[in-house]
>>> print(open('run01.csv').read())   # CSV, C-alpha atoms and all ligand atoms
chain,number,residue,atom,x,y,z
A,1,MET,CA,60.6,25.4,-5.3
A,2,THR,CA,57.4,23.6,-4.5
A,3,GLY,CA,57.2,19.9,-3.9
A,4,THR,CA,57.8,17.4,-1.1
A,5,PHE,CA,60.2,18.0,1.8
A,6,ASP,CA,62.7,15.5,0.2
A,7,SER,CA,62.5,17.3,-3.2
A,8,LYS,CA,63.0,20.7,-1.7
A,9,LEU,CA,66.1,19.6,0.1
A,10,ALA,CA,67.5,17.6,-2.8
A,11,ARG,CA,67.3,20.8,-4.9
A,12,ALA,CA,68.5,23.3,-2.2
A,13,GLY,CA,70.4,26.1,-3.8
A,14,LEU,CA,70.4,24.6,-7.3
A,15,CYS,CA,70.5,26.9,-10.3
A,16,SER,CA,71.0,30.0,-8.1
A,17,ASP,CA,74.2,31.1,-9.8
A,18,LYS,CA,73.4,34.2,-11.8
A,19,ALA,CA,77.0,34.7,-13.1
A,20,HIS,CA,77.6,31.4,-15.0
A,21,GLY,CA,74.5,29.3,-14.6
A,22,ALA,CA,76.3,26.6,-12.6
A,23,ILE,CA,73.8,24.0,-11.4
A,24,MET,CA,75.5,23.7,-8.0
A,25,PRO,CA,75.9,27.0,-6.1
A,26,PRO,CA,79.4,28.3,-6.2
A,27,LEU,CA,81.6,28.6,-3.1
A,28,TYR,CA,82.3,32.3,-2.4
A,29,LEU,CA,85.5,32.4,-0.2
A,30,ALA,CA,85.9,36.2,-0.6
A,31,SER,CA,86.1,38.1,2.7
A,32,ASN,CA,85.0,41.4,1.2
A,33,TYR,CA,83.0,42.9,-1.7
A,34,GLU,CA,83.3,46.0,-3.9
A,35,PHE,CA,81.3,49.2,-3.2
A,36,SER,CA,80.4,51.1,-6.3
A,37,THR,CA,80.6,54.4,-4.4
A,38,PHE,CA,80.3,56.0,-0.9
A,39,GLY,CA,77.1,55.1,0.9
A,40,GLN,CA,76.0,52.5,-1.7
A,41,LYS,CA,76.1,49.2,0.2
A,42,PRO,CA,76.4,46.1,-2.0
A,43,ALA,CA,74.3,43.1,-1.1
A,44,TYR,CA,77.3,41.7,0.6
A,45,GLU,CA,80.1,43.9,2.1
A,46,TYR,CA,82.1,41.7,4.5
A,47,SER,CA,81.7,37.9,5.0
A,48,ARG,CA,81.5,38.1,8.8
A,49,ALA,CA,78.2,40.0,8.3
A,50,GLY,CA,77.0,38.1,5.3
A,51,ASN,CA,78.3,35.7,2.6
A,52,PRO,CA,76.4,34.4,-0.5
A,53,THR,CA,77.3,30.7,0.1
A,54,ARG,CA,76.3,30.9,3.8
A,55,ALA,CA,73.1,32.7,2.8
A,56,CYS,CA,72.2,29.9,0.4
A,57,PHE,CA,72.6,27.4,3.2
A,58,GLU,CA,70.8,29.5,5.7
A,59,ASP,CA,67.8,29.9,3.4
A,60,ALA,CA,67.6,26.2,2.7
A,61,LEU,CA,67.8,25.3,6.5
A,62,ALA,CA,65.2,28.0,7.5
A,63,ALA,CA,62.8,26.5,4.9
A,64,ALA,CA,63.5,23.0,6.1
A,65,GLU,CA,62.7,23.9,9.7
A,66,GLY,CA,59.7,26.0,8.7
A,67,GLY,CA,61.4,29.2,10.1
A,68,ARG,CA,61.6,32.7,8.8
A,69,SER,CA,65.3,33.1,9.0
A,70,ALA,CA,68.5,31.2,9.9
A,71,ILE,CA,72.0,32.2,11.0
A,72,ALA,CA,74.8,29.7,10.4
A,73,THR,CA,77.4,29.8,13.1
A,74,ALA,CA,80.9,28.5,13.6
A,75,SER,CA,79.7,25.6,15.8
A,76,GLY,CA,76.7,24.2,17.7
A,77,MET,CA,78.1,25.8,20.9
A,78,ALA,CA,78.3,29.2,19.1
A,79,ALA,CA,74.7,28.8,18.1
A,80,ILE,CA,73.7,28.1,21.7
A,81,ASP,CA,75.7,31.0,22.9
A,82,LEU,CA,74.1,33.3,20.3
A,83,VAL,CA,70.7,32.4,21.6
A,84,LEU,CA,71.8,32.9,25.2
A,85,SER,CA,72.6,36.5,24.3
A,86,LEU,CA,68.9,37.2,24.5
A,87,LEU,CA,69.1,36.9,28.3
A,88,SER,CA,70.0,39.5,30.9
A,89,PRO,CA,71.4,39.1,34.4
A,90,ASP,CA,68.1,38.9,36.2
A,91,ASP,CA,66.6,36.4,33.7
A,92,VAL,CA,66.0,32.8,34.5
A,93,ILE,CA,66.6,30.0,31.9
A,94,ILE,CA,65.3,26.5,32.5
A,95,ALA,CA,67.4,23.8,30.8
A,96,PRO,CA,67.2,20.0,30.9
A,97,ASP,CA,69.2,18.3,33.7
A,98,ASP,CA,70.3,15.7,31.2
A,99,CYS,CA,71.3,18.1,28.3
A,100,TYR,CA,74.5,17.7,26.2
A,101,GLY,CA,77.5,18.1,28.5
A,102,GLY,CA,78.9,21.1,26.6
A,103,THR,CA,75.6,22.9,26.9
A,104,CYS,CA,75.6,22.2,30.7
A,105,ARG,CA,79.2,23.6,30.9
A,106,LEU,CA,78.3,26.8,29.0
A,107,LEU,CA,75.1,27.5,31.0
A,108,ASN,CA,77.0,27.0,34.3
A,109,TRP,CA,79.9,29.1,33.3
A,110,ARG,CA,77.7,32.0,32.0
A,111,ALA,CA,75.5,31.7,35.1
A,112,GLN,CA,78.6,31.9,37.4
A,113,LYS,CA,79.6,35.0,35.6
A,114,GLY,CA,76.2,36.5,36.4
A,115,HIS,CA,74.9,36.6,32.8
A,116,PHE,CA,71.6,34.9,33.9
A,117,LYS,CA,70.3,32.4,36.4
A,118,VAL,CA,70.0,28.8,35.3
A,119,ILE,CA,67.7,26.1,36.7
A,120,PHE,CA,68.4,22.5,35.5
A,121,ALA,CA,65.2,20.5,35.6
A,122,PRO,CA,63.6,17.3,34.2
A,123,LEU,CA,61.9,18.8,31.1
A,124,HIS,CA,60.7,15.4,30.1
A,125,ASP,CA,58.5,15.4,33.3
A,126,THR,CA,55.7,17.7,32.2
A,127,GLN,CA,54.0,17.5,35.7
A,128,LYS,CA,57.1,18.7,37.6
A,129,MET,CA,57.7,21.4,35.1
A,130,GLN,CA,54.4,23.2,35.8
A,131,SER,CA,55.6,24.3,39.3
A,132,LEU,CA,58.9,25.6,37.9
A,133,PHE,CA,57.1,27.8,35.4
A,134,ALA,CA,55.8,29.8,38.4
A,135,GLN,CA,59.4,31.3,38.5
A,136,ASN,CA,58.6,33.1,35.3
A,137,PRO,CA,61.6,31.9,33.2
A,138,LYS,CA,62.6,34.1,30.3
A,139,MET,CA,63.8,31.1,28.3
A,140,VAL,CA,63.1,27.4,28.3
A,141,PHE,CA,65.8,25.4,26.6
A,142,ILE,CA,64.6,22.0,25.3
A,143,GLU,CA,66.7,19.1,24.0
A,144,THR,CA,64.5,16.3,22.7
A,145,PRO,CA,65.4,13.5,22.5
A,146,SER,CA,68.0,14.1,25.2
A,147,ASN,CA,71.7,13.2,25.0
A,148,PRO,CA,72.5,10.4,25.7
A,149,LEU,CA,69.5,8.8,27.4
A,150,LEU,CA,67.0,9.7,24.7
A,151,ARG,CA,64.3,10.9,27.0
A,152,LEU,CA,61.6,12.9,25.1
A,153,THR,CA,60.0,16.2,26.0
A,154,ASP,CA,56.4,16.6,25.0
A,155,LEU,CA,56.6,19.7,22.8
A,156,ASP,CA,52.8,20.0,22.6
A,157,ALA,CA,52.6,20.2,26.4
A,158,ILE,CA,55.7,22.1,27.4
A,159,ILE,CA,55.8,24.9,24.7
A,160,PRO,CA,52.3,26.3,25.4
A,161,ALA,CA,52.9,26.1,29.2
A,162,ALA,CA,56.3,27.9,28.8
A,163,HIS,CA,54.7,30.6,26.6
A,164,ARG,CA,52.0,31.2,29.2
A,165,ALA,CA,54.8,31.8,31.7
A,166,GLY,CA,56.3,34.3,29.3
A,167,ALA,CA,59.3,32.3,28.2
A,168,VAL,CA,61.0,32.1,24.8
A,169,CYS,CA,61.1,28.4,23.8
A,170,VAL,CA,64.3,27.1,22.2
A,171,VAL,CA,64.7,23.6,20.9
A,172,ASP,CA,68.1,22.0,20.2
A,173,ASN,CA,67.0,19.7,17.2
A,174,THR,CA,70.5,18.3,16.6
A,175,PHE,CA,69.5,14.7,17.4
A,176,LEU,CA,66.7,14.4,14.8
A,177,SER,CA,67.1,17.3,12.3
A,178,PRO,CA,64.1,18.7,10.4
A,179,ALA,CA,63.9,15.4,8.5
A,180,MET,CA,62.4,13.8,11.7
A,181,GLN,CA,61.2,16.6,13.9
A,182,GLN,CA,60.1,20.2,13.2
A,183,PRO,CA,59.7,22.0,16.6
A,184,ILE,CA,58.5,25.3,15.0
A,185,LYS,CA,55.3,23.4,14.1
A,186,TYR,CA,54.8,23.0,17.8
A,187,GLY,CA,55.3,26.7,18.5
A,188,ALA,CA,59.0,26.8,19.2
A,189,ASP,CA,60.4,30.3,18.8
A,190,ILE,CA,63.9,29.2,18.0
A,191,VAL,CA,65.4,25.9,16.8
A,192,LEU,CA,69.1,25.4,16.9
A,193,HIS,CA,71.6,22.8,15.6
A,194,SER,CA,75.0,21.5,15.8
A,195,THR,CA,75.2,21.2,11.9
A,196,THR,CA,78.4,19.2,12.6
A,197,LYS,CA,76.0,16.2,13.1
A,198,LEU,CA,73.1,15.1,10.9
A,199,ILE,CA,72.7,18.2,8.8
A,200,ASN,CA,76.2,18.0,7.3
A,201,GLY,CA,76.2,14.3,7.9
A,202,HIS,CA,79.7,13.5,6.7
A,203,ALA,CA,81.8,14.4,9.8
A,204,ASP,CA,84.1,16.8,7.8
A,205,MET,CA,83.2,20.2,9.3
A,206,VAL,CA,82.1,21.8,12.5
A,207,GLY,CA,79.2,24.2,12.4
A,208,GLY,CA,75.9,25.4,14.0
A,209,ALA,CA,72.8,27.2,13.1
A,210,VAL,CA,70.0,29.2,14.8
A,211,ILE,CA,66.6,29.2,13.0
A,212,CYS,CA,64.0,31.7,14.1
A,213,ALA,CA,60.3,31.5,13.8
A,214,SER,CA,60.0,35.3,13.6
A,215,GLU,CA,61.7,37.7,11.2
A,216,GLU,CA,62.3,40.1,14.1
A,217,THR,CA,64.2,37.7,16.3
A,218,GLY,CA,66.2,36.6,13.2
A,219,THR,CA,67.2,40.1,12.4
A,220,HIS,CA,68.2,40.8,15.9
A,221,LEU,CA,70.3,37.6,16.3
A,222,ARG,CA,71.9,38.2,12.9
A,223,TRP,CA,73.0,41.6,14.2
A,224,VAL,CA,74.4,40.0,17.3
A,225,ALA,CA,76.2,37.3,15.3
A,226,ASN,CA,78.0,40.0,13.2
A,227,CYS,CA,78.7,42.0,16.3
A,228,THR,CA,80.3,39.1,18.2
A,229,GLY,CA,81.7,37.4,15.0
A,230,CYS,CA,80.3,34.0,15.7
A,231,THR,CA,79.1,33.4,12.1
A,232,GLY,CA,80.3,30.3,10.2
A,233,GLY,CA,82.8,30.1,7.4
A,234,ALA,CA,81.8,29.8,3.7
A,235,PHE,CA,83.4,26.5,3.1
A,236,ASP,CA,81.6,24.9,6.1
A,237,ALA,CA,78.3,26.3,4.9
A,238,TRP,CA,78.9,24.9,1.4
A,239,LEU,CA,79.7,21.4,2.8
A,240,ALA,CA,76.6,21.6,5.1
A,241,LEU,CA,74.4,22.6,2.2
A,242,ARG,CA,75.7,19.6,0.2
A,243,GLY,CA,74.9,17.4,3.2
A,244,LEU,CA,71.5,18.9,3.6
A,245,ARG,CA,70.5,17.7,0.1
A,246,THR,CA,70.7,14.0,1.1
A,247,LEU,CA,69.5,14.5,4.7
A,248,PRO,CA,66.1,12.8,4.3
A,249,LEU,CA,67.6,9.7,2.7
A,250,ARG,CA,70.4,9.4,5.3
A,251,ALA,CA,68.0,10.0,8.2
A,252,ARG,CA,65.6,7.3,7.0
A,253,ALA,CA,68.3,4.7,6.4
A,254,GLN,CA,70.1,5.4,9.7
A,255,SER,CA,66.9,5.2,11.7
A,256,GLN,CA,65.9,1.9,10.1
A,257,THR,CA,69.2,0.3,11.0
A,258,ALA,CA,69.2,1.9,14.5
A,259,LEU,CA,65.9,0.1,15.2
A,260,GLN,CA,67.4,-3.2,14.1
A,261,ILE,CA,70.5,-2.6,16.4
A,262,ALA,CA,68.2,-1.7,19.3
A,263,ASN,CA,66.2,-4.9,18.8
A,264,ALA,CA,69.4,-6.9,18.7
A,265,LEU,CA,70.7,-5.3,21.9
A,266,THR,CA,67.5,-5.9,23.7
A,267,GLY,CA,67.8,-9.7,23.5
A,268,HIS,CA,71.5,-10.0,24.4
A,269,THR,CA,72.6,-11.4,27.8
A,270,ALA,CA,75.5,-8.9,28.1
A,271,VAL,CA,73.1,-5.9,28.0
A,272,GLN,CA,71.4,-4.4,31.0
A,273,ASN,CA,69.2,-1.6,29.5
A,274,VAL,CA,68.5,-0.3,26.0
A,275,TYR,CA,67.4,3.3,25.3
A,276,TYR,CA,65.8,3.8,22.0
A,277,PRO,CA,62.5,5.6,21.4
A,278,GLY,CA,61.7,3.2,18.5
A,279,LEU,CA,61.3,0.3,20.9
A,280,LYS,CA,57.8,-0.3,22.2
A,281,THR,CA,59.3,-0.8,25.7
A,282,HIS,CA,60.7,2.8,25.7
A,283,PRO,CA,58.6,4.9,28.1
A,284,ASN,CA,58.2,7.7,25.4
A,285,HIS,CA,57.5,5.4,22.4
A,286,ALA,CA,54.0,6.7,21.8
A,287,LEU,CA,55.1,10.3,22.1
A,288,ALA,CA,58.0,9.6,19.7
A,289,ALA,CA,55.6,8.1,17.2
A,290,ARG,CA,53.4,11.2,17.5
A,291,GLN,CA,56.0,14.0,17.7
A,292,GLN,CA,58.7,12.6,15.4
A,293,SER,CA,58.6,11.2,11.9
A,294,GLY,CA,61.5,8.9,12.6
A,295,PHE,CA,63.1,7.4,15.7
A,296,GLY,CA,66.6,8.6,15.0
A,297,GLN,CA,70.0,7.2,14.6
A,298,ILE,CA,71.2,7.1,18.2
A,299,VAL,CA,70.9,4.0,20.4
A,300,SER,CA,72.2,4.0,24.0
A,301,PHE,CA,72.7,1.0,26.2
A,302,THR,CA,74.3,-0.1,29.5
A,303,LEU,CA,76.2,-3.3,29.8
A,304,LYS,CA,76.3,-5.7,32.7
A,305,GLY,CA,79.9,-5.6,34.1
A,306,GLY,CA,80.4,-1.8,34.4
A,307,GLN,CA,83.0,0.3,32.7
A,308,ASP,CA,85.3,-2.7,32.1
A,309,ALA,CA,82.6,-4.4,30.0
A,310,ALA,CA,82.1,-1.1,28.1
A,311,GLN,CA,85.8,-0.9,27.4
A,312,ARG,CA,85.9,-4.5,26.2
A,313,PHE,CA,83.0,-3.8,23.8
A,314,CYS,CA,84.8,-0.8,22.3
A,315,ALA,CA,88.1,-2.6,21.9
A,316,ALA,CA,86.4,-5.6,20.2
A,317,SER,CA,84.3,-3.7,17.7
A,318,ASP,CA,85.6,-3.3,14.2
A,319,LEU,CA,82.9,-1.0,12.7
A,320,PHE,CA,81.9,1.2,15.7
A,321,ILE,CA,84.7,3.7,15.9
A,322,LEU,CA,85.3,5.0,19.4
A,323,ALA,CA,84.8,8.8,18.9
A,324,GLU,CA,82.7,11.7,20.0
A,325,SER,CA,80.1,13.3,17.7
A,326,LEU,CA,77.1,11.7,16.0
A,327,GLY,CA,74.9,11.8,12.9
A,328,GLY,CA,77.5,11.1,10.3
A,329,ILE,CA,77.6,8.4,7.7
A,330,GLU,CA,80.1,6.4,9.8
A,331,SER,CA,79.0,4.3,12.8
A,332,LEU,CA,80.5,5.5,16.1
A,333,VAL,CA,80.5,4.4,19.7
A,334,ALA,CA,81.0,6.9,22.6
A,335,HIS,CA,81.4,6.5,26.3
A,336,PRO,CA,79.5,9.5,27.6
A,337,ALA,CA,80.8,9.5,31.1
A,338,THR,CA,84.4,10.0,30.0
A,339,MET,CA,83.9,11.6,26.6
A,340,THR,CA,80.9,13.7,25.6
A,341,HIS,CA,79.7,14.4,29.1
A,342,ALA,CA,83.1,14.6,30.9
A,343,ALA,CA,82.5,18.3,31.6
A,344,MET,CA,79.8,17.2,34.1
A,345,ASP,CA,80.9,16.4,37.7
A,346,ALA,CA,80.0,13.1,39.3
A,347,ALA,CA,76.8,14.4,41.0
A,348,ALA,CA,75.6,15.9,37.7
A,349,LEU,CA,76.3,12.6,35.9
A,350,ARG,CA,74.4,10.6,38.5
A,351,LYS,CA,71.5,13.1,38.3
A,352,ALA,CA,71.5,12.7,34.5
A,353,GLY,CA,71.5,8.9,34.8
A,354,ILE,CA,74.9,8.5,33.0
A,355,SER,CA,76.5,5.4,34.4
A,356,PRO,CA,80.1,4.2,33.7
A,357,SER,CA,78.7,1.2,31.7
A,358,LEU,CA,76.6,3.4,29.4
A,359,LEU,CA,77.6,3.5,25.7
A,360,ARG,CA,76.0,5.6,22.9
A,361,LEU,CA,76.0,4.3,19.4
A,362,SER,CA,75.6,6.6,16.4
A,363,ILE,CA,74.4,4.5,13.5
A,364,GLY,CA,75.8,5.2,10.1
A,365,VAL,CA,74.9,4.1,6.6
A,366,GLU,CA,76.9,0.8,6.5
A,367,SER,CA,74.9,-2.3,5.8
A,368,ALA,CA,72.7,-3.3,8.8
A,369,GLN,CA,73.9,-6.9,8.5
A,370,ASP,CA,77.6,-5.9,8.8
A,371,LEU,CA,76.8,-3.7,11.8
A,372,LEU,CA,74.7,-6.5,13.5
A,373,THR,CA,77.5,-9.0,13.0
A,374,ASP,CA,80.1,-6.6,14.5
A,375,LEU,CA,77.7,-5.8,17.4
A,376,ASP,CA,77.2,-9.4,18.2
A,377,SER,CA,80.9,-10.1,18.4
A,378,ALA,CA,81.7,-7.0,20.4
A,379,LEU,CA,78.9,-7.9,22.9
A,380,ASP,CA,80.3,-11.4,23.3
A,381,ALA,CA,83.7,-9.8,24.1
A,382,ALA,CA,82.0,-7.5,26.6
A,383,HIS,CA,80.4,-10.4,28.3
A,384,GLU,CA,83.6,-12.4,28.8
A,385,THR,CA,85.0,-12.2,32.3
B,401,LIG,N1,73.9,20.2,20.9
B,401,LIG,C1,74.0,18.8,21.0
B,401,LIG,C2,72.7,18.1,21.2
B,401,LIG,C3,75.2,18.2,20.8
B,401,LIG,O1,75.2,16.9,20.8
B,401,LIG,C4,76.3,19.0,20.5
B,401,LIG,C5,77.6,18.3,20.3
B,401,LIG,O2,77.8,17.1,20.4
B,401,LIG,C6,76.2,20.4,20.5
B,401,LIG,C7,75.0,20.9,20.7
B,401,LIG,C8,77.4,21.2,20.2
B,401,LIG,O3,77.8,21.2,18.9
B,401,LIG,P1,79.2,21.5,18.3
B,401,LIG,O4,80.1,20.4,18.7
B,401,LIG,O5,79.0,21.6,16.8
B,401,LIG,O6,79.7,22.8,18.9
>>> encode(input="run01.csv", output="C-alpha cells")
Amino acid sequence: MTGTFDSKLARAGLCSDKAHGAIMPPLYLASNYEFSTFGQKPAYEYSRAGNPTRACFEDALAAAEGGRSAIATASGMAAIDLVLSLLSPDDVIIAPDDCYGGTCRLLNWRAQKGHFKVIFAPLHDTQKMQSLFAQNPKMVFIETPSNPLLRLTDLDAIIPAAHRAGAVCVVDNTFLSPAMQQPIKYGADIVLHSTTKLINGHADMVGGAVICASEETGTHLRWVANCTGCTGGAFDAWLALRGLRTLPLRARAQSQTALQIANALTGHTAVQNVYYPGLKTHPNHALAARQQSGFGQIVSFTLKGGQDAAQRFCAASDLFILAESLGGIESLVAHPATMTHAAMDAAALRKAGISPSLLRLSIGVESAQDLLTDLDSALDAAHET
C-alpha cells in the first residue's frame, strides 16, 4: 500500500489471505506443500526453503528497511552468521571493538577456524578507520549505536569510504529498527536484525533477519539459508509481523521515556556517567539527531561504588527486571560485564569500555512517571554504603 511509514507498517500483510479473506494473514504451520505433478514446483514446496507466513513478514520488513529482499532467520546470531557466509578464508572483515558480545564471540570463533580474518576497530572513529581501509577489507560490519555504550558510527562517512576500499557494508540495526534508522538510505548493502528485540517487541520469540539492498545478494543468501537451514519458524515470523505493525508507536513512546530517564540519571549523585545519544552532552548527539529519527530506548550508565552499587540498584528496583535482551514492552536492566558481554575476556571488556559498575536499561512502555519513581528509589539504594 502507499502512505506513510506508520500506515504501511500498521497494515503489513493485511487482507493478503486469498483462501478466506481473513483480515489478518493466516499462520501456515505446514512443513510441506502438494505438487500437482512431476516437475511442477508449487509456490512453496518445503518450509525450510519458503513459507507463506515467513514470506509475508519478510516482504513487510524489506519494505520497512527500503531493501529489495529479506530473509527471516532463527535468531539474530543466525542472521549474522548467514551474512558471514559471504566471506572466504583470505578475506578481512572489520568489526567494531565494542560490538555485541555474541557477535564478538562468533567472529573470533570463525576467524580461529580460518573462515576469514577479523580486525576489531573503533568504527565510531572515522579518522582512525581511514588507515584500516588500506587493508582492503571484504566486509565492514557496523553496529550503530553500539551495545552497550551507545557510540555512533557516522554512516554517511564510513559507508562510502568502505565502498571505495571494495568492502560490503553490513549494518546491525537491532538497537534502533527501521522506525528510527534506515541504513540502506546511507548506502548499506545489508541490514540485519535480532528481531527478538524491537521488531517483535514483546519478548516472546527469538528471531533474526537479513535485509539486502540488492535482489542478487538476497537471492544468493536465500539459497544459503535454505542450504544451511538457518531460516526462522512460521510462528515466530507471525509473531514478529504482528509486532512490526505497532513498531513506530512503541519506538516513539519508548524513546520519549528513555530521554526522561537519561535526564533523571544525569542529575543524580549516585551516578558517574550516563550514555544516551539524546542528551546534548553525548559526544554524538548532533550525529544522532541527523542520522536517526529517534534516540532509542536504551540508556546505559555507570554508578559510583563499582559492581556492589550496580548490584544494589538491581536488587532495589521493582520495575526494571534484571534480564538480558532489550527492545520489548517491559523495562529491563542488564549488567553487561556479567551478562550480555560475558563472552568477552577482561582485556576485551576493558578495550570496549565496559566497567563492572555499568548498567544498561531497556525502557519499555510503562508510564514514565512509574519508571522515574522506581529509578529514584533504586538509585538511592545504590548510593547507600
Ligand atoms: N545484535 C545485537 C545488537 C544484539 O544485541 C543481539 C542480542 O542481544 C544480537 C545481535 C543477537 O540476536 P539473538 O539473541 O536474536 O540471536
>>> residues_near_ligand(input="run01.csv", ligand="ligand LIG 401 (chain B)", cutoff="8 Å", atoms="all atoms listed in the file", output="PyMOL selection string")
chain A and resi 74-80+99-100+102-103+143+146-147+172-175+193-197+206-208+324-326+340
>>> atom_distance(input="run01.csv", atom1="atom CA of Ala378 of chain A", atom2="atom CA of Ser331 of chain A")
13.9 Å
>>> closest_residue(input="run01.csv", among="A:Leu371, A:Ala234, A:Ala70, A:Leu361", to="Ala323 of chain A", atoms="all atoms listed in the file")
A:Leu361
>>> closest_residue(input="run01.csv", among="A:Thr246, A:Gly39, A:Ala316, A:Ala179", to="Ala10 of chain A", atoms="only C-alpha atoms")
A:Thr246
>>> residues_around(input="run01.csv", residues="Ile158 of chain A", least_positions_apart="5", cutoff="12 Å", atoms="only C-alpha atoms", output="PyMOL selection string")
chain A and resi 94+122-130+132-133+140-144+152-153+163-165+167-171+183+186-188
>>> atom_distance(input="run01.csv", atom1="atom CA of Leu375 of chain A", atom2="atom CA of Asn200 of chain A")
25.9 Å
>>> closest_residue(input="run01.csv", among="A:Leu372, A:Leu221, A:Ala310, A:Ile321", to="Glu384 of chain A", atoms="all atoms listed in the file")
A:Ala310
>>> closest_residue(input="run01.csv", among="A:Leu14, A:Ser69, A:Glu330, A:Asp97", to="Ala347 of chain A", atoms="all atoms listed in the file")
A:Asp97
>>> closest_residue(input="run01.csv", among="A:Ser16, A:Ser317, A:Gln182, A:Ser214", to="Thr53 of chain A", atoms="only C-alpha atoms")
A:Ser16
>>> closest_residue(input="run01.csv", among="A:His115, A:His285, A:Arg290, A:Lys304", to="Gln272 of chain A", atoms="all atoms listed in the file")
A:Lys304
